[in-house]
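Okay, structure-v4.pdb now, which holds PDB, C-alpha atoms:
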```pdb
ATOM      1  CA  MET A   1       8.696 -10.043 -18.828
ATOM      2  CA  LYS A   2       7.334 -12.575 -16.360
ATOM      3  CA  ALA A   3       9.205 -15.903 -16.208
ATOM      4  CA  PHE A   4       7.470 -18.801 -17.950
ATOM      5  CA  ALA A   5       7.840 -22.486 -18.740
ATOM      6  CA  TYR A   6       8.568 -23.406 -22.355
ATOM      7  CA  VAL A   7       7.176 -26.477 -24.124
ATOM      8  CA  ASN A   8       8.295 -27.550 -27.595
ATOM      9  CA  PRO A   9       5.890 -30.256 -28.843
ATOM     10  CA  THR A  10       6.424 -31.922 -32.192
ATOM     11  CA  ASN A  11       2.822 -32.920 -32.942
ATOM     12  CA  GLU A  12      -0.696 -31.584 -32.615
ATOM     13  CA  LYS A  13      -1.736 -33.950 -29.815
ATOM     14  CA  ASP A  14       1.147 -32.964 -27.537
ATOM     15  CA  ALA A  15       0.636 -29.285 -28.285
ATOM     16  CA  ILE A  16      -3.006 -29.468 -27.220
ATOM     17  CA  ALA A  17      -2.090 -31.389 -24.072
ATOM     18  CA  ALA A  18       0.290 -28.574 -23.091
ATOM     19  CA  LEU A  19      -2.439 -25.941 -23.237
ATOM     20  CA  SER A  20      -4.787 -24.998 -20.399
ATOM     21  CA  PRO A  21      -8.550 -24.390 -20.195
ATOM     22  CA  GLN A  22      -7.797 -21.287 -18.138
ATOM     23  CA  LEU A  23      -7.628 -18.093 -20.189
ATOM     24  CA  GLU A  24      -4.040 -17.041 -21.043
ATOM     25  CA  GLN A  25      -2.412 -19.449 -18.580
ATOM     26  CA  ALA A  26      -0.742 -21.359 -21.427
ATOM     27  CA  MET A  27      -0.324 -19.653 -24.796
ATOM     28  CA  PRO A  28       0.576 -21.057 -28.227
ATOM     29  CA  LEU A  29       3.558 -19.447 -29.954
ATOM     30  CA  GLY A  30       3.736 -19.315 -33.734
ATOM     31  CA  GLY A  31       5.741 -16.471 -35.215
ATOM     32  CA  GLY A  32       5.502 -14.555 -31.941
ATOM     33  CA  GLN A  33       4.890 -11.189 -33.621
ATOM     34  CA  ASP A  34       1.916 -10.452 -31.359
ATOM     35  CA  LEU A  35       2.346 -12.612 -28.264
ATOM     36  CA  LEU A  36       5.925 -11.629 -27.443
ATOM     37  CA  ALA A  37       5.103  -7.934 -27.711
ATOM     38  CA  ARG A  38       2.172  -8.354 -25.318
ATOM     39  CA  MET A  39       4.355 -10.262 -22.880
ATOM     40  CA  LYS A  40       7.047  -7.578 -22.931
ATOM     41  CA  ASP A  41       4.386  -4.980 -22.140
ATOM     42  CA  TYR A  42       2.905  -7.134 -19.323
ATOM     43  CA  VAL A  43      -0.455  -7.231 -21.097
ATOM     44  CA  THR A  44      -0.392 -11.039 -21.316
ATOM     45  CA  GLN A  45       1.522 -12.967 -18.672
ATOM     46  CA  PRO A  46       1.237 -16.717 -19.281
ATOM     47  CA  ASP A  47       2.771 -19.359 -17.048
ATOM     48  CA  ARG A  48       3.627 -21.533 -20.044
ATOM     49  CA  ILE A  49       4.482 -20.960 -23.710
ATOM     50  CA  VAL A  50       3.734 -23.757 -26.166
ATOM     51  CA  ASN A  51       5.774 -23.518 -29.370
ATOM     52  CA  VAL A  52       3.492 -24.845 -32.114
ATOM     53  CA  LYS A  53       5.742 -24.176 -35.115
ATOM     54  CA  SER A  54       6.795 -27.838 -35.336
ATOM     55  CA  ALA A  55       3.455 -29.203 -34.136
ATOM     56  CA  LEU A  56       1.190 -27.692 -36.802
ATOM     57  CA  GLU A  57       1.294 -28.038 -40.560
ATOM     58  CA  SER A  58       2.706 -25.255 -42.727
ATOM     59  CA  THR A  59       1.767 -26.666 -46.118
ATOM     60  CA  VAL A  60      -0.960 -26.154 -48.728
ATOM     61  CA  THR A  61      -2.833 -29.210 -50.030
ATOM     62  CA  PRO A  62      -5.795 -29.651 -52.410
ATOM     63  CA  SER A  63      -9.149 -30.130 -50.684
ATOM     64  CA  GLY A  64     -12.440 -30.714 -52.498
ATOM     65  CA  GLY A  65     -11.660 -28.344 -55.334
ATOM     66  CA  GLY A  66     -10.223 -25.803 -52.911
ATOM     67  CA  LEU A  67      -7.167 -25.611 -50.692
ATOM     68  CA  ARG A  68      -6.275 -26.578 -47.124
ATOM     69  CA  ILE A  69      -3.725 -24.253 -45.546
ATOM     70  CA  GLY A  70      -1.761 -25.189 -42.431
ATOM     71  CA  ALA A  71      -1.941 -22.610 -39.638
ATOM     72  CA  ALA A  72       1.850 -22.587 -39.233
ATOM     73  CA  MET A  73       2.361 -21.387 -42.811
ATOM     74  CA  LYS A  74       4.263 -18.101 -42.896
ATOM     75  CA  MET A  75       2.697 -15.001 -44.368
ATOM     76  CA  VAL A  76       5.445 -14.639 -46.956
ATOM     77  CA  ASP A  77       4.698 -18.152 -48.220
ATOM     78  CA  VAL A  78       0.981 -17.336 -48.476
ATOM     79  CA  ALA A  79       1.767 -14.182 -50.426
ATOM     80  CA  GLU A  80       4.046 -16.047 -52.844
ATOM     81  CA  HIS A  81       2.142 -19.332 -53.216
ATOM     82  CA  ALA A  82       1.171 -19.761 -56.867
ATOM     83  CA  GLU A  83      -2.078 -21.680 -56.284
ATOM     84  CA  ILE A  84      -3.294 -19.326 -53.549
ATOM     85  CA  ARG A  85      -2.616 -16.335 -55.778
ATOM     86  CA  ARG A  86      -4.340 -17.990 -58.749
ATOM     87  CA  MET A  87      -7.417 -19.313 -56.937
ATOM     88  CA  TYR A  88      -7.798 -16.715 -54.166
ATOM     89  CA  PRO A  89      -6.010 -13.561 -55.342
ATOM     90  CA  ALA A  90      -7.488 -11.398 -52.583
ATOM     91  CA  ILE A  91      -5.798 -13.578 -49.943
ATOM     92  CA  GLY A  92      -2.453 -13.174 -51.662
ATOM     93  CA  ALA A  93      -3.046  -9.431 -51.937
ATOM     94  CA  ALA A  94      -3.850  -9.180 -48.212
ATOM     95  CA  ALA A  95      -0.867 -11.293 -47.173
ATOM     96  CA  ILE A  96       1.677  -9.193 -49.069
ATOM     97  CA  GLU A  97       0.394  -6.051 -47.311
ATOM     98  CA  VAL A  98       1.069  -7.402 -43.811
ATOM     99  CA  GLY A  99       3.843  -5.667 -41.886
ATOM    100  CA  THR A 100       7.337  -5.688 -43.365
ATOM    101  CA  PRO A 101       9.333  -8.431 -45.136
ATOM    102  CA  GLN A 102      10.898  -9.316 -41.776
ATOM    103  CA  ILE A 103       7.482  -9.722 -40.154
ATOM    104  CA  ARG A 104       6.047 -11.684 -43.082
ATOM    105  CA  ASN A 105       8.959 -14.118 -42.798
ATOM    106  CA  GLN A 106       8.037 -14.799 -39.152
ATOM    107  CA  ALA A 107       4.282 -14.318 -38.824
ATOM    108  CA  THR A 108       1.944 -17.259 -39.402
ATOM    109  CA  VAL A 109      -1.577 -17.731 -40.746
ATOM    110  CA  GLY A 110      -2.913 -18.826 -37.358
ATOM    111  CA  GLY A 111      -1.212 -15.949 -35.606
ATOM    112  CA  ASN A 112      -2.592 -13.389 -38.025
ATOM    113  CA  LEU A 113      -6.143 -14.689 -37.639
ATOM    114  CA  ASN A 114      -5.947 -14.859 -33.843
ATOM    115  CA  GLN A 115      -3.923 -11.751 -33.007
ATOM    116  CA  ARG A 116      -5.328  -9.539 -30.281
ATOM    117  CA  PRO A 117      -6.588  -5.953 -30.727
ATOM    118  CA  ARG A 118      -4.126  -3.178 -31.436
ATOM    119  CA  CYS A 119      -6.085  -0.700 -29.297
ATOM    120  CA  TRP A 120      -3.585   1.375 -27.316
ATOM    121  CA  TYR A 121      -5.685   1.111 -24.148
ATOM    122  CA  TYR A 122      -5.649  -2.680 -24.338
ATOM    123  CA  ARG A 123      -1.907  -2.650 -25.103
ATOM    124  CA  ASN A 124      -1.077  -0.398 -22.141
ATOM    125  CA  GLU A 125      -0.740  -2.306 -18.870
ATOM    126  CA  GLU A 126      -1.990   0.748 -16.924
ATOM    127  CA  PHE A 127      -5.495   0.527 -18.432
ATOM    128  CA  VAL A 128      -7.640  -2.376 -17.207
ATOM    129  CA  CYS A 129     -10.284  -2.360 -19.916
ATOM    130  CA  PHE A 130     -13.050  -4.823 -20.785
ATOM    131  CA  LYS A 131     -10.554  -6.917 -22.757
ATOM    132  CA  LYS A 132      -8.437  -7.400 -19.619
ATOM    133  CA  GLY A 133     -11.318  -8.102 -17.230
ATOM    134  CA  GLY A 134     -12.035  -4.466 -16.347
ATOM    135  CA  ASP A 135     -15.359  -2.685 -16.224
ATOM    136  CA  ARG A 136     -15.059  -0.113 -19.007
ATOM    137  CA  CYS A 137     -13.821   0.729 -22.494
ATOM    138  CA  PHE A 138     -11.627   3.818 -22.388
ATOM    139  CA  SER A 139     -11.911   4.700 -26.077
ATOM    140  CA  PRO A 140     -15.330   6.477 -26.257
ATOM    141  CA  ALA A 141     -14.127   9.242 -23.925
ATOM    142  CA  GLY A 142     -10.482   9.003 -24.993
ATOM    143  CA  GLU A 143      -8.291   8.760 -28.082
ATOM    144  CA  ASN A 144     -10.437   6.858 -30.568
ATOM    145  CA  GLN A 145      -9.071   7.854 -33.986
ATOM    146  CA  PHE A 146      -8.630   4.240 -35.096
ATOM    147  CA  HIS A 147     -11.535   2.569 -33.329
ATOM    148  CA  ALA A 148     -14.740   0.991 -34.614
ATOM    149  CA  ILE A 149     -17.346   2.820 -36.670
ATOM    150  CA  LEU A 150     -19.516  -0.300 -37.099
ATOM    151  CA  GLY A 151     -20.599  -2.957 -34.611
ATOM    152  CA  GLY A 152     -18.906  -1.355 -31.629
ATOM    153  CA  GLY A 153     -20.002  -1.505 -28.014
ATOM    154  CA  PRO A 154     -19.431  -2.061 -25.219
ATOM    155  CA  SER A 155     -15.835  -2.367 -26.531
ATOM    156  CA  PHE A 156     -14.846  -0.407 -29.636
ATOM    157  CA  ILE A 157     -11.769  -2.303 -30.832
ATOM    158  CA  VAL A 158     -11.282  -3.093 -34.516
ATOM    159  CA  HIS A 159     -10.261  -6.551 -35.631
ATOM    160  CA  PRO A 160      -6.567  -6.486 -36.604
ATOM    161  CA  SER A 161      -6.350  -9.488 -38.951
ATOM    162  CA  SER A 162      -5.629  -8.852 -42.626
ATOM    163  CA  LEU A 163      -6.319 -12.459 -43.697
ATOM    164  CA  ALA A 164      -9.656 -12.718 -41.892
ATOM    165  CA  VAL A 165     -11.396 -10.362 -44.320
ATOM    166  CA  PRO A 166     -10.697 -12.184 -47.628
ATOM    167  CA  MET A 167     -11.032 -15.582 -45.929
ATOM    168  CA  LEU A 168     -14.519 -14.644 -44.761
ATOM    169  CA  ALA A 169     -15.344 -13.414 -48.264
ATOM    170  CA  TYR A 170     -14.190 -16.709 -49.820
ATOM    171  CA  GLY A 171     -16.252 -18.752 -47.343
ATOM    172  CA  ALA A 172     -13.344 -20.337 -45.444
ATOM    173  CA  THR A 173     -13.814 -22.894 -42.693
ATOM    174  CA  PHE A 174     -11.430 -23.142 -39.749
ATOM    175  CA  ARG A 175     -10.427 -26.478 -38.265
ATOM    176  CA  LEU A 176     -10.060 -26.261 -34.492
ATOM    177  CA  ALA A 177      -8.537 -29.051 -32.409
ATOM    178  CA  GLY A 178      -8.776 -29.462 -28.654
ATOM    179  CA  PRO A 179      -8.906 -32.099 -25.900
ATOM    180  CA  LYS A 180     -12.423 -33.105 -26.996
ATOM    181  CA  GLY A 181     -11.420 -33.598 -30.630
ATOM    182  CA  GLU A 182     -11.787 -31.429 -33.684
ATOM    183  CA  ARG A 183     -14.518 -29.107 -34.899
ATOM    184  CA  LEU A 184     -15.047 -27.161 -38.097
ATOM    185  CA  VAL A 185     -16.210 -23.564 -37.747
ATOM    186  CA  PRO A 186     -17.143 -21.351 -40.704
ATOM    187  CA  ALA A 187     -15.206 -18.094 -40.731
ATOM    188  CA  ALA A 188     -18.551 -16.271 -40.575
ATOM    189  CA  ASP A 189     -19.191 -17.870 -37.152
ATOM    190  CA  TYR A 190     -15.645 -17.755 -35.802
ATOM    191  CA  PHE A 191     -15.237 -14.081 -34.955
ATOM    192  CA  THR A 192     -17.334 -12.622 -32.135
ATOM    193  CA  LEU A 193     -18.576  -9.130 -31.320
ATOM    194  CA  PRO A 194     -17.850  -7.633 -27.893
ATOM    195  CA  ARG A 195     -21.501  -7.962 -26.898
ATOM    196  CA  GLN A 196     -21.123 -11.720 -27.436
ATOM    197  CA  SER A 197     -17.697 -12.107 -25.831
ATOM    198  CA  LEU A 198     -15.997  -9.216 -24.073
ATOM    199  CA  ARG A 199     -12.673 -10.889 -23.299
ATOM    200  CA  MET A 200     -11.999 -12.612 -26.627
ATOM    201  CA  GLU A 201     -12.554 -11.927 -30.326
ATOM    202  CA  ASN A 202     -13.404 -15.463 -31.486
ATOM    203  CA  VAL A 203     -14.829 -18.816 -30.391
ATOM    204  CA  LEU A 204     -11.441 -20.525 -29.958
ATOM    205  CA  ALA A 205     -11.232 -22.033 -26.461
ATOM    206  CA  PRO A 206      -8.028 -21.501 -24.417
ATOM    207  CA  ASP A 207      -7.136 -25.193 -24.810
ATOM    208  CA  GLU A 208      -7.828 -25.344 -28.551
ATOM    209  CA  LEU A 209      -5.663 -24.627 -31.576
ATOM    210  CA  LEU A 210      -6.641 -23.330 -34.981
ATOM    211  CA  THR A 211      -4.818 -25.888 -37.122
ATOM    212  CA  HIS A 212      -6.017 -25.349 -40.710
ATOM    213  CA  VAL A 213      -7.907 -22.996 -42.963
ATOM    214  CA  ILE A 214     -10.069 -24.867 -45.483
ATOM    215  CA  LEU A 215     -11.035 -22.866 -48.558
ATOM    216  CA  PRO A 216     -13.822 -24.100 -50.854
ATOM    217  CA  ALA A 217     -13.545 -24.053 -54.620
ATOM    218  CA  PRO A 218     -13.588 -20.356 -55.527
ATOM    219  CA  GLY A 219     -16.008 -20.673 -58.422
ATOM    220  CA  ASN A 220     -16.232 -18.182 -61.239
ATOM    221  CA  VAL A 221     -15.727 -14.975 -59.281
ATOM    222  CA  LYS A 222     -13.714 -11.830 -59.775
ATOM    223  CA  SER A 223     -12.042 -10.289 -56.754
ATOM    224  CA  GLY A 224     -10.860  -6.881 -55.651
ATOM    225  CA  HIS A 225      -8.904  -5.981 -52.535
ATOM    226  CA  TYR A 226      -8.041  -2.444 -51.455
ATOM    227  CA  GLU A 227      -6.333  -1.117 -48.312
ATOM    228  CA  VAL A 228      -5.878   2.422 -46.997
ATOM    229  CA  ARG A 229      -3.185   3.229 -44.429
ATOM    230  CA  TYR A 230      -1.287   6.289 -43.274
ATOM    231  CA  LYS A 231       2.075   5.007 -44.455
ATOM    232  CA  ALA A 232       2.992   2.278 -46.884
ATOM    233  CA  SER A 233       5.388   0.371 -44.663
ATOM    234  CA  HIS A 234       4.631  -1.402 -41.390
ATOM    235  CA  ASP A 235       1.277   0.152 -40.614
ATOM    236  CA  TRP A 236      -2.124  -1.321 -39.912
ATOM    237  CA  PRO A 237      -4.855  -0.239 -42.355
ATOM    238  CA  ILE A 238      -7.294   2.503 -41.417
ATOM    239  CA  ALA A 239      -9.875   0.641 -43.487
ATOM    240  CA  PHE A 240      -9.826  -2.003 -46.211
ATOM    241  CA  ALA A 241     -12.171  -4.203 -48.190
ATOM    242  CA  THR A 242     -12.379  -7.445 -50.132
ATOM    243  CA  VAL A 243     -15.053  -7.721 -52.810
ATOM    244  CA  LEU A 244     -16.003 -10.862 -54.739
ATOM    245  CA  ILE A 245     -18.342 -10.585 -57.720
ATOM    246  CA  SER A 246     -19.952 -13.212 -59.930
ATOM    247  CA  PHE A 247     -21.057 -11.839 -63.289
ATOM    248  CA  ASN A 248     -23.724 -12.861 -65.773
ATOM    249  CA  GLY A 249     -22.353 -11.147 -68.809
ATOM    250  CA  SER A 250     -21.739  -7.601 -67.627
ATOM    251  CA  THR A 251     -24.372  -7.783 -64.885
ATOM    252  CA  VAL A 252     -23.606  -8.625 -61.260
ATOM    253  CA  GLN A 253     -25.191 -11.965 -60.391
ATOM    254  CA  SER A 254     -23.957 -12.114 -56.789
ATOM    255  CA  ALA A 255     -21.496 -10.235 -54.617
ATOM    256  CA  LYS A 256     -19.686 -10.382 -51.296
ATOM    257  CA  VAL A 257     -18.415  -7.240 -49.640
ATOM    258  CA  VAL A 258     -16.327  -7.578 -46.469
ATOM    259  CA  MET A 259     -14.604  -4.691 -44.699
ATOM    260  CA  GLY A 260     -11.666  -4.703 -42.311
ATOM    261  CA  ALA A 261     -10.411  -2.312 -39.600
ATOM    262  CA  VAL A 262     -13.857  -0.749 -39.189
ATOM    263  CA  ALA A 263     -15.489  -3.116 -36.670
ATOM    264  CA  PRO A 264     -14.607  -5.593 -33.898
ATOM    265  CA  ILE A 265     -14.997  -8.391 -36.459
ATOM    266  CA  PRO A 266     -14.459  -8.640 -40.218
ATOM    267  CA  TRP A 267     -17.596  -6.791 -41.295
ATOM    268  CA  ARG A 268     -19.718  -8.190 -44.125
ATOM    269  CA  SER A 269     -22.119  -5.721 -45.726
ATOM    270  CA  PRO A 270     -25.305  -7.244 -47.162
ATOM    271  CA  GLU A 271     -26.445  -3.679 -47.906
ATOM    272  CA  ALA A 272     -23.556  -3.142 -50.307
ATOM    273  CA  GLU A 273     -24.042  -6.578 -51.836
ATOM    274  CA  GLN A 274     -27.728  -5.895 -52.502
ATOM    275  CA  ALA A 275     -26.827  -2.557 -54.067
ATOM    276  CA  LEU A 276     -24.625  -4.363 -56.611
ATOM    277  CA  VAL A 277     -26.808  -7.311 -57.648
ATOM    278  CA  GLY A 278     -28.434  -6.803 -61.034
ATOM    279  CA  LYS A 279     -26.268  -3.811 -61.861
ATOM    280  CA  THR A 280     -23.442  -3.147 -64.283
ATOM    281  CA  ILE A 281     -20.338  -1.947 -62.483
ATOM    282  CA  THR A 282     -19.624   1.704 -63.127
ATOM    283  CA  GLU A 283     -18.127   4.473 -61.007
ATOM    284  CA  GLU A 284     -21.690   5.411 -60.029
ATOM    285  CA  THR A 285     -22.874   1.927 -59.029
ATOM    286  CA  ALA A 286     -19.644   1.291 -57.129
ATOM    287  CA  ALA A 287     -20.059   4.580 -55.259
ATOM    288  CA  ALA A 288     -23.689   3.755 -54.425
ATOM    289  CA  ALA A 289     -22.722   0.345 -53.053
ATOM    290  CA  ALA A 290     -19.913   1.910 -51.017
ATOM    291  CA  GLU A 291     -22.385   4.401 -49.579
ATOM    292  CA  ALA A 292     -24.661   1.521 -48.618
ATOM    293  CA  ALA A 293     -21.745  -0.268 -46.923
ATOM    294  CA  ILE A 294     -21.261   2.516 -44.376
ATOM    295  CA  ARG A 295     -24.901   3.584 -44.043
ATOM    296  CA  ASN A 296     -25.100   2.277 -40.473
ATOM    297  CA  ALA A 297     -21.739   3.658 -39.346
ATOM    298  CA  ARG A 298     -21.687   5.232 -35.891
ATOM    299  CA  PRO A 299     -18.333   6.996 -35.527
ATOM    300  CA  LEU A 300     -16.886   8.098 -32.212
ATOM    301  CA  SER A 301     -15.699  11.608 -31.388
ATOM    302  CA  GLN A 302     -12.425  11.459 -33.355
ATOM    303  CA  ASN A 303     -12.879   8.871 -36.099
ATOM    304  CA  ALA A 304     -15.622  10.211 -38.372
ATOM    305  CA  TYR A 305     -12.988  10.440 -41.121
ATOM    306  CA  LYS A 306     -12.939   6.617 -41.224
ATOM    307  CA  VAL A 307     -16.415   6.650 -42.761
ATOM    308  CA  ASP A 308     -15.097   8.267 -45.939
ATOM    309  CA  VAL A 309     -11.947   6.123 -45.892
ATOM    310  CA  ALA A 310     -14.011   2.924 -45.644
ATOM    311  CA  LYS A 311     -16.293   4.138 -48.404
ATOM    312  CA  THR A 312     -13.295   4.742 -50.667
ATOM    313  CA  ALA A 313     -11.837   1.303 -49.896
ATOM    314  CA  VAL A 314     -15.111  -0.441 -50.770
ATOM    315  CA  LYS A 315     -15.617   1.554 -53.960
ATOM    316  CA  ARG A 316     -12.101   0.864 -55.226
ATOM    317  CA  ALA A 317     -12.282  -2.826 -54.316
ATOM    318  CA  ILE A 318     -15.508  -3.084 -56.332
ATOM    319  CA  LEU A 319     -13.927  -1.373 -59.319
ATOM    320  CA  ARG A 320     -10.867  -3.617 -59.116
ATOM    321  CA  ALA A 321     -13.107  -6.708 -59.040
ATOM    322  CA  ALA A 322     -14.756  -5.420 -62.221
ATOM    323  CA  GLY A 323     -11.372  -4.863 -63.858
ATOM    324  CA  ILE A 324     -11.718  -1.080 -63.809
ATOM    325  CA  GLN A 325      -8.461   0.701 -63.074
ATOM    326  CA  THR A 326      -8.247   2.582 -59.782
ATOM    327  CA  ALA A 327      -5.613   4.733 -58.145
TER     328      ALA A 327
END
```
Would you write out, as structure tokens, the structure that this file holds?
Amino acid sequence: MKAFAYVNPTNEKDAIAALSPQLEQAMPLGGGQDLLARMKDYVTQPDRIVNVKSALESTVTPSGGGLRIGAAMKMVDVAEHAEIRRMYPAIGAAAIEVGTPQIRNQATVGGNLNQRPRCWYYRNEEFVCFKKGGDRCFSPAGENQFHAILGGGPSFIVHPSSLAVPMLAYGATFRLAGPKGERLVPAADYFTLPRQSLRMENVLAPDELLTHVILPAPGNVKSGHYEVRYKASHDWPIAFATVLISFNGSTVQSAKVVMGAVAPIPWRSPEAEQALVGKTITEETAAAAAEAAIRNARPLSQNAYKVDVAKTAVKRAILRAAGIQTA
């Protein structure tokens, strides 16, 4: 890989000062599960690496009836944290599905939320696509089995974060810190479609850090989380979903349905939510809501199968939220 300078700050202020406003000139290093792989493949070639593991918090603290999670917290600690699992079970369920035990013991919350696309054209140094400042996306005319079926264009990547989906469903807010101070950005406004920002997948500036995830009080909701992948170990999902449901008796009072691995951002489906409100959850109502979730899907030449996979993930997440056993 290209030679680089290494900075090891011990606090947030010094870490921010070591960053650069120029895209990918100075990069923060958490667990390194994504960044180091990109550097080895000459996809990202920073002049400076800023180790933020000692600069950012890795703890969980109460916050207004919810929780405040430090961005340096490891995925294994998220998956095993008693309060996270009790208050936000879908986050714990997503965290335990990430990678392998070795990866979960290295990867961090901030790294998972901010990891770059897993598209093989982006990851190959020979292809200069939109994400690398090029003038085209190679996937529509190429190998697109795992690309977007919703919200795609002009780039058809899918968002790779497992935590982003349940955090969006729970209404998380991200604290960002930079040279101009801090700002709080709702998860719903953090991730950006390619038509809004071709080079990046979120609103984080090159000289900012995501320092905390702030989760509101969960309220009286039931959750379901379901992932589909080719193999059980060390594989990114083909499609997955987090569903939150508030009941009035046996009737759905409100619902949130968020899908992952189907779009360039975590994809919330108001169509599926509307299909659930006022209904009793049965196999039939869950299937109807799942159908509504993918109604606007526009698959590419080789990924039409993802429509049915996404539909299955949504249906089973709904049934799990209702306490109905699924496969």
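For the file at hand, the PyMOL selection byres ((chain A and resi 279) around 9) resolves to Ser250, Thr251, Val252, Gln253, Ala275, Leu276, Val277, Gly278, Thr280, Ile281, Thr282 and Thr285 of chain A.
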Residue among A:Lys53, A:Arg229, A:Arg123, A:Arg85 lying closest to Met39 of chain A, counting only C-alpha atoms: A:Arg123
Answer key for the PyMOL selection byres ((chain A and resi 159-163) around 8), residues as a ChimeraX atom specification: /A:91,94-95,98,109,112-118,157-158,164-167,201,236,260-266
Distance of atom CA of Phe4 of chain A from atom CA of Lys40 of chain A, expressed in Å to one decimal place: 12.3 Å
All residues 7 Å or closer to segment 308-316 of chain A, all atoms listed in the file, same chain fewer than 5 positions away omitted, as a PyMOL selection string: chain A and resi 226-228+239-241+286-287+290-291+294+326
Only C-alpha atoms, please: the residues just picked out, written as a PDB file, in the frame of the given file.
```pdb
ATOM      1  CA  TYR A 226      -8.041  -2.444 -51.455  1.00  0.00           C
ATOM      2  CA  GLU A 227      -6.333  -1.117 -48.312  1.00  0.00           C
ATOM      3  CA  VAL A 228      -5.878   2.422 -46.997  1.00  0.00           C
ATOM      4  CA  ALA A 239      -9.875   0.641 -43.487  1.00  0.00           C
ATOM      5  CA  PHE A 240      -9.826  -2.003 -46.211  1.00  0.00           C
ATOM      6  CA  ALA A 241     -12.171  -4.203 -48.190  1.00  0.00           C
ATOM      7  CA  ALA A 286     -19.644   1.291 -57.129  1.00  0.00           C
ATOM      8  CA  ALA A 287     -20.059   4.580 -55.259  1.00  0.00           C
ATOM      9  CA  ALA A 290     -19.913   1.910 -51.017  1.00  0.00           C
ATOM     10  CA  GLU A 291     -22.385   4.401 -49.579  1.00  0.00           C
ATOM     11  CA  ILE A 294     -21.261   2.516 -44.376  1.00  0.00           C
ATOM     12  CA  THR A 326      -8.247   2.582 -59.782  1.00  0.00           C
TER      13      THR A 326
END
```
Residues within 8 Å of Lys132 of chain A, only C-alpha atoms, excluding chain neighbours under 2 positions, as a list in words: Tyr122, Val128, Cys129, Phe130, Gly134 and Arg199 of chain A
Can I get the selection written as a JSON list (two decimals), in the frame of the given file, with C-alpha atoms?
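So again.json came out as:
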```json
[["chain", "number", "residue", "atom", "x", "y", "z"],
["A", 122, "TYR", "CA", -5.65, -2.68, -24.34],
["A", 128, "VAL", "CA", -7.64, -2.38, -17.21],
["A", 129, "CYS", "CA", -10.28, -2.36, -19.92],
["A", 130, "PHE", "CA", -13.05, -4.82, -20.78],
["A", 134, "GLY", "CA", -12.04, -4.47, -16.35],
["A", 199, "ARG", "CA", -12.67, -10.89, -23.30]]
```
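Closest approach to Asn248 of chain A among A:Ala232, A:Val60, A:Asn220, A:Ile49 is made by A:Asn220 (distances from all atoms listed in the file).
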d(atom CA of Glu283 of chain A, atom CA of His225 of chain A) in Å: 16.3 Å
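Distances from A:Met1, A:Ile238, A:Val221, A:Leu210 to Ser254 of chain A were compared using all atoms listed in the file, and the smallest one belongs to A:Val221.
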Picked residues, the PyMOL selection byres ((chain A and resi 15) around 10), expected as number ranges by chain: A: 7-14, 16-19, 28, 50-56, 178, 207-209
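The shortest atom-to-atom distance to Gln33 of chain A, with only C-alpha atoms taken into account, belongs to A:Thr100 out of A:Gly181, A:Pro216, A:Gly133, A:Thr100.
For the set A:Gly151, A:Leu176, A:Gln196, A:Val185, the residue with the smallest atom-to-atom gap to Asn296 of chain A is A:Gly151, counting only C-alpha atoms.
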Local residues around (11.6, -10.0, -39.5), at most 12 Å away, using only C-alpha atoms, as a list in words: Gly31, Gly32, Gln33, Lys74, Met75, Val76, Val98, Gly99, Thr100, Pro101, Gln102, Ile103, Arg104, Asn105, Gln106, Ala107 and His234 of chain A
How about saving the chosen residues, C-alpha atoms kept, as a short mmCIF file (atom, residue, chain, number, x, y, z; two decimals), in the coordinates of the input?
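The new file part_37.cif reads:
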```cif
data_model
loop_
_atom_site.label_atom_id
_atom_site.label_comp_id
_atom_site.auth_asym_id
_atom_site.auth_seq_id
_atom_site.Cartn_x
_atom_site.Cartn_y
_atom_site.Cartn_z
CA GLY A 31 5.74 -16.47 -35.22
CA GLY A 32 5.50 -14.56 -31.94
CA GLN A 33 4.89 -11.19 -33.62
CA LYS A 74 4.26 -18.10 -42.90
CA MET A 75 2.70 -15.00 -44.37
CA VAL A 76 5.44 -14.64 -46.96
CA VAL A 98 1.07 -7.40 -43.81
CA GLY A 99 3.84 -5.67 -41.89
CA THR A 100 7.34 -5.69 -43.36
CA PRO A 101 9.33 -8.43 -45.14
CA GLN A 102 10.90 -9.32 -41.78
CA ILE A 103 7.48 -9.72 -40.15
CA ARG A 104 6.05 -11.68 -43.08
CA ASN A 105 8.96 -14.12 -42.80
CA GLN A 106 8.04 -14.80 -39.15
CA ALA A 107 4.28 -14.32 -38.82
CA HIS A 234 4.63 -1.40 -41.39
#
```
Please fill the gaps in segment 299-303 of chain A so it has N, CA and C atoms, and write that as a PDB file, keeping the file's coordinate frame.
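This is the output file part18.pdb:
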```
ATOM      1  N   PRO A 299     -19.686   6.634 -35.951  1.00  0.00           N
ATOM      2  CA  PRO A 299     -18.333   6.996 -35.527  1.00  0.00           C
ATOM      3  C   PRO A 299     -18.296   7.580 -34.132  1.00  0.00           C
ATOM      4  N   LEU A 300     -17.127   7.498 -33.519  1.00  0.00           N
ATOM      5  CA  LEU A 300     -16.886   8.098 -32.212  1.00  0.00           C
ATOM      6  C   LEU A 300     -16.439   9.549 -32.407  1.00  0.00           C
ATOM      7  N   SER A 301     -15.968  10.174 -31.353  1.00  0.00           N
ATOM      8  CA  SER A 301     -15.699  11.608 -31.388  1.00  0.00           C
ATOM      9  C   SER A 301     -14.564  12.004 -32.323  1.00  0.00           C
ATOM     10  N   GLN A 302     -13.606  11.083 -32.579  1.00  0.00           N
ATOM     11  CA  GLN A 302     -12.425  11.459 -33.355  1.00  0.00           C
ATOM     12  C   GLN A 302     -12.182  10.599 -34.592  1.00  0.00           C
ATOM     13  N   ASN A 303     -13.142   9.755 -34.964  1.00  0.00           N
ATOM     14  CA  ASN A 303     -12.879   8.871 -36.099  1.00  0.00           C
ATOM     15  C   ASN A 303     -13.929   8.947 -37.203  1.00  0.00           C
TER      16      ASN A 303
END
```
